[in-house]
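One structure is given here, and the rest of the page talks about it.
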Amino acid sequence: MVLIRNLITHFCPIKIYIIMCGILAIIGKGKEEAVVKELSKRMSHRGPDESDIYQTENGHFLSHERLSIIDLHSGKQPIQGTSTAYMVHNGEIYNHQELRDGILKDHRFRTKSDSEVIVHLYEEFGYDFCNLLDGDWAFVVVDGDDFIAGRDPMGVKPLYYGLDDRGRVYFSSEMKPISDQCKTFSTFPPGHYYTPKTGFVKYYIPEYEDFEKAIQPLDLELIRTTLIESTRKRLMSDVPIGVLLSGGLDSSLTSSIAARLLAEKGKKLHSFSIGLDADAPDAVAARKVADFLGTEHHEIHFTIEEGIKILEKLIWHLETYDVTSIRASTPMYFLSKAITDLGIKVVLSGEGADEIFGGYLYFRNAPSLEEFQKETIERVQKLFTADLLRADKSTMAHGLEARVPFLDKAFLEMAIQIKPEEKQPKTYQGVEKYILRKAFDTPENPYLPQEVLWRQKEQFSDGVGYNWIDKLIDYCATQVSDLQMQGAEKEYPYNTPTTKEAYFYRSIFNKYYPQLSAAQTVRKWIPKWQENQDPSGRANAAHVQADIEIAK
C-alpha cells in the first residue's frame with residue numbers, strides 16, 4: 001500500500017522533554033481503578049509508550065496515555081506541584097523556559113517537562129493563568145476537591161467534558177472514554193477554563209472577534225517575520241521533524257521556512273506527501289517543492305479501495321460524521337502511519353491559513369467586506385470542529401503530533417485584523433490569499449517556485465486525486481437505499497444527513513457513538529455563497545477543474 005522514497009534509516013537518540021498524549025480525569029468518588037484504566041486505554045493510540053494513573057487522597061483519578069518523544073523519563077504524569085496539586089496535560093508549552101526563568105523562578109521543579117509549568121502557575125496565580133501560556137494544550141489540575149480544566153485558545157488540542165449519573169465530572173482528550181459513562185457530555189470550548197466555583201470562564205477574548213477592529217494596514221514584512229517566528233517555536237524539539245507537504249501554498253510555506261531554520265543548525269527537513277498515484281495534483285506539486293527546498297522527501301500512495309476499507313475505523317478515531325473531515329482524514333490517516341513507521345513523531349501542518357486569509361474559493365463570492373471579515377472570524381472560531389479535529393485525530397491515531405504555525409496567537413491576531421479589502425480575493429482578480437503569497441514573493445531569495453507560490457487553492461481531499469471523492473460518493477450511494485434516505489429525518493432528527501454519503505458516515509458514527517450528546521458535538525463544514533453546498537473545492541465554479549455536479 002505504501003510507497004516511500006528515500007527511506008530514513010537512522011535517527012540520533014536525543015533527549016527531549018515534550019509529551020503528547022491522551023488525558024482522562026474523573027472528579028468524584030466511587031470509580032474503581034481497573035475501570036478507569038480500561039476507559040483510558042480506549043485512547044492508548046494517543047500515547048502508545050506508557051500508561052500512568054493516579055488516585056488522589058480524595059478519590060479523584062488522573063490518567064495519562066503517554067507519547068514520549070524519545071528517551072523521556074523525567075516527565076511522567078500526573079505531575080505533582082510543590083504542595084497538594086496534581087496535573088495532567090496534553091500538548092506543548094512553547095514559553096515554558098521563559099516561565100521557569102521568570103515568574104516561576106522561585107518554584108522547585110521536579111521534572112524537565114514543559115508540562116510542569118502549568119501546575120506551578122496554578123500554585124502561583126490560582127485560576128487566572130491561562131493567558132500566560134503560549135502553546136497548544138489541554139490540562140486538568142486537581143488540588144484536594146478543587147480543580148481547574150483548560151483548553152488552548154483555538155482548540156488545537158481536543159478536550160471533552162461530561163457528567164455521570166452519580167455527579168462525577170469527566171474530562172478526556174477524546175469522546176471514547178466518556179461517551180458510555182456520562183449521561184451528558186460535550187466538547188470543551190476553546191479559549192476557556194472551568195472550575196467548580198466559577199463554571200466556564202472565557203479567558204481568551206481577542207480584539208479580532210469584533211469585525212470592526214480589522215483596521216490594520218498591510219505590512220508584508222510583518223506577515224513574513226511573524227510566520228517565521230511562529231514556525232521557529234514549533235521546531236523547538238531536537239528530534240527529527242517532518243512536514244506534511246501537500247504542495248499547496250500553506251504547507252509549502254511552512255516547509256520552506258522550516259527547511260531554512262533547520263539548515264541554520266545543519267539539519268535536514270523530512271517532507272511527506274500523499275496521493276492516489278504519482279500524478280495526483282498534490283503529489284506533483286509537492287515533488288517540485290521538495291526538490292526546490294532540498295528536503296528528504298517521502299511520497300506515499302494509497303488506493304481508493306484501501307481508503308474505503310478503513311472508513312469505519314477512521315470514523316471511530318475521528319469521532320465525527322462531517323463529510324469534508326472524513327474525506328480529508330483518509331489520506332492523512334495513511335500518511336500519518338507511514339510517518340510514524342519511519343520513527344518521526346512530530347510534523348508541521350498548514351491548517352488555519354485559509355480561514356485567516358479567506359482562502360477557500362467560496363470567499364470570492366462574499367457579498368461585502370463586512371460579510372467577508374465576519375466569515376473569516378467565524379471560520380477561525382470553528383476550526384476546532386473541523387480542520388483541527390482532523391489534524392489531531394487522524395495523526396494521533398498513530399501517535400503522531402501535528403503542530404500548526406498559522407494558529408500561533410501572535411500571527412493569528414496580527415493577520416486577522418488586517419483590513420478585509422487587503423485579503424478579499426476580489427481585490428486581486430480572484431487570487432485567494434494574495435497578501436500571504438506576496439509576503440513570501442522574494443525574487444532575490446525565493447521561498448518557493450513561482451508556480452507553487454501562486455498555485456490555486458486545492459483542498460486536501462481533492463488534491464490527493466480527483467477520483468478519491470468521486471469514487472467515494474459512488475461507493476456510499478451503493479450502501480444507502482432511497483428508502484433509507486426517505487427516512488433519514490426520522491432516523492437522525494438532529495443534523496439530518498442530506499446525501500447518501502453523509503447518511504453512510506452518520507450510520508457508522510452512530511454505531512460507536514449513539515448518544516444524542518455525541519451527535520451534538522459535530523458541526524458540519526458547509527461553504528457559503530455558492531449554490532452547490534458540497535464541501536469539495538471543485539463544487540465551486542471558480543475551480544480550474546470545476547465539477548459543480550459533484551455529490552448531486
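Here, A, B, ... name the chains of the C-alpha cells in the order displayed, residue numbers run from 1 inside each chain, and ligands are numbered from 1 in the same displayed order.
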- Give me the residues within 10 Å of Gln181 (chain A) as a ChimeraX atom specification, counting only C-alpha atoms and dropping any in the same chain fewer than 6 places off. /A:39,162-165,168,170
Taking only C-alpha atoms into account, produce a table as a Markdown table in which each residue of region 339-386 of chain A with an atom at most 9 Å from an atom of region 251-274 of chain A appears once, together with its shortest atom pair and the distance in Å to one decimal, ordered by chain and rising number.
| residue | atom | partner | partner_atom | distance |
| --- | --- | --- | --- | --- |
| A:Ile339 | CA | A:Phe272 | CA | 7.6 |
| A:Val347 | CA | A:Ser271 | CA | 8.9 |
| A:Leu348 | CA | A:Thr254 | CA | 7.3 |
| A:Ser349 | CA | A:Ser251 | CA | 6.1 |
| A:Gly350 | CA | A:Ser251 | CA | 4.6 |
| A:Glu351 | CA | A:Ser251 | CA | 8.2 |
- Query: So which bits of region 264-454 of chain A end up alpha helix (DSSP H) when you DSSP the backbone, as a VMD selection string?
  - Reply: chain A and resid 281 to 293 304 to 309 311 to 318 323 to 341 353 to 357 369 to 381 387 to 396 409 to 415 434 to 439 450 to 453
- Item | Non-local contacts of Ile315 (chain A) (12 Å; only C-alpha atoms; under 5 positions in same chain excluded) as a PyMOL selection string | chain A and resi 176+307-310+320-323+325-330+333+389-390+393-394+397+504-513
- If you count only C-alpha atoms, which residues fall within 7 Å of Asp392 (chain A), apart from same-chain ones fewer than 4 positions away, as JSON, numbers by chain? {"A": [388, 396, 402]}
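For the atom pair formed by CA of Leu383 (chain A) and CA of Met236 (chain A), the distance is 24.5 Å, given to one decimal.
Here the question is which of A:Met414, A:Cys182, A:Val117, A:Ala25 gets nearest to Thr226 (chain A) using only C-alpha atoms, and that residue is A:Met414.
Of the listed residues A:Pro443, A:Pro206, A:Pro189, A:Gly167, the one whose atoms come nearest to Thr385 (chain A) is A:Pro189, with distances taken using only C-alpha atoms.
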- Message: Excluding Ala488 (chain A) and its own-chain neighbours fewer than 4 positions away, which residues fall within 8 Å of it when counting only C-alpha atoms? Please give them as number ranges by chain.
- Response: A: 484, 492-493, 496-498, 503
Selected residues written out with C-alpha atoms, as a tab-separated table (two decimals), in the first residue's frame:
chain	number	residue	atom	x	y	z
A	484	GLN	CA	-33.26	4.90	3.91
A	492	TYR	CA	-31.43	11.09	12.57
A	493	PRO	CA	-33.60	14.05	13.65
A	496	THR	CA	-30.19	15.08	9.42
A	497	PRO	CA	-27.93	13.83	6.57
A	498	THR	CA	-28.96	15.20	3.16
A	503	TYR	CA	-26.01	9.15	5.67
- Item | 7 Å contact set for Gly275 (chain A), only C-alpha atoms, chain neighbours under 6 positions out, as a ChimeraX atom specification | /A:282-283,300-302,464-465
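Using only C-alpha atoms for every distance, the candidate list A:Phe147, A:Tyr204, A:Phe211, A:Tyr447 yields A:Phe147 as the residue closest to Tyr127 (chain A).
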- Task: Please provide the set of residues having any atom within 9 Å of Phe440 (chain A), restricted to only C-alpha atoms, with same-chain residues fewer than 5 positions apart removed, written as an MDAnalysis selection string.
- Result: chainID A and resid 220:221 223:224 253 435 446:448 453
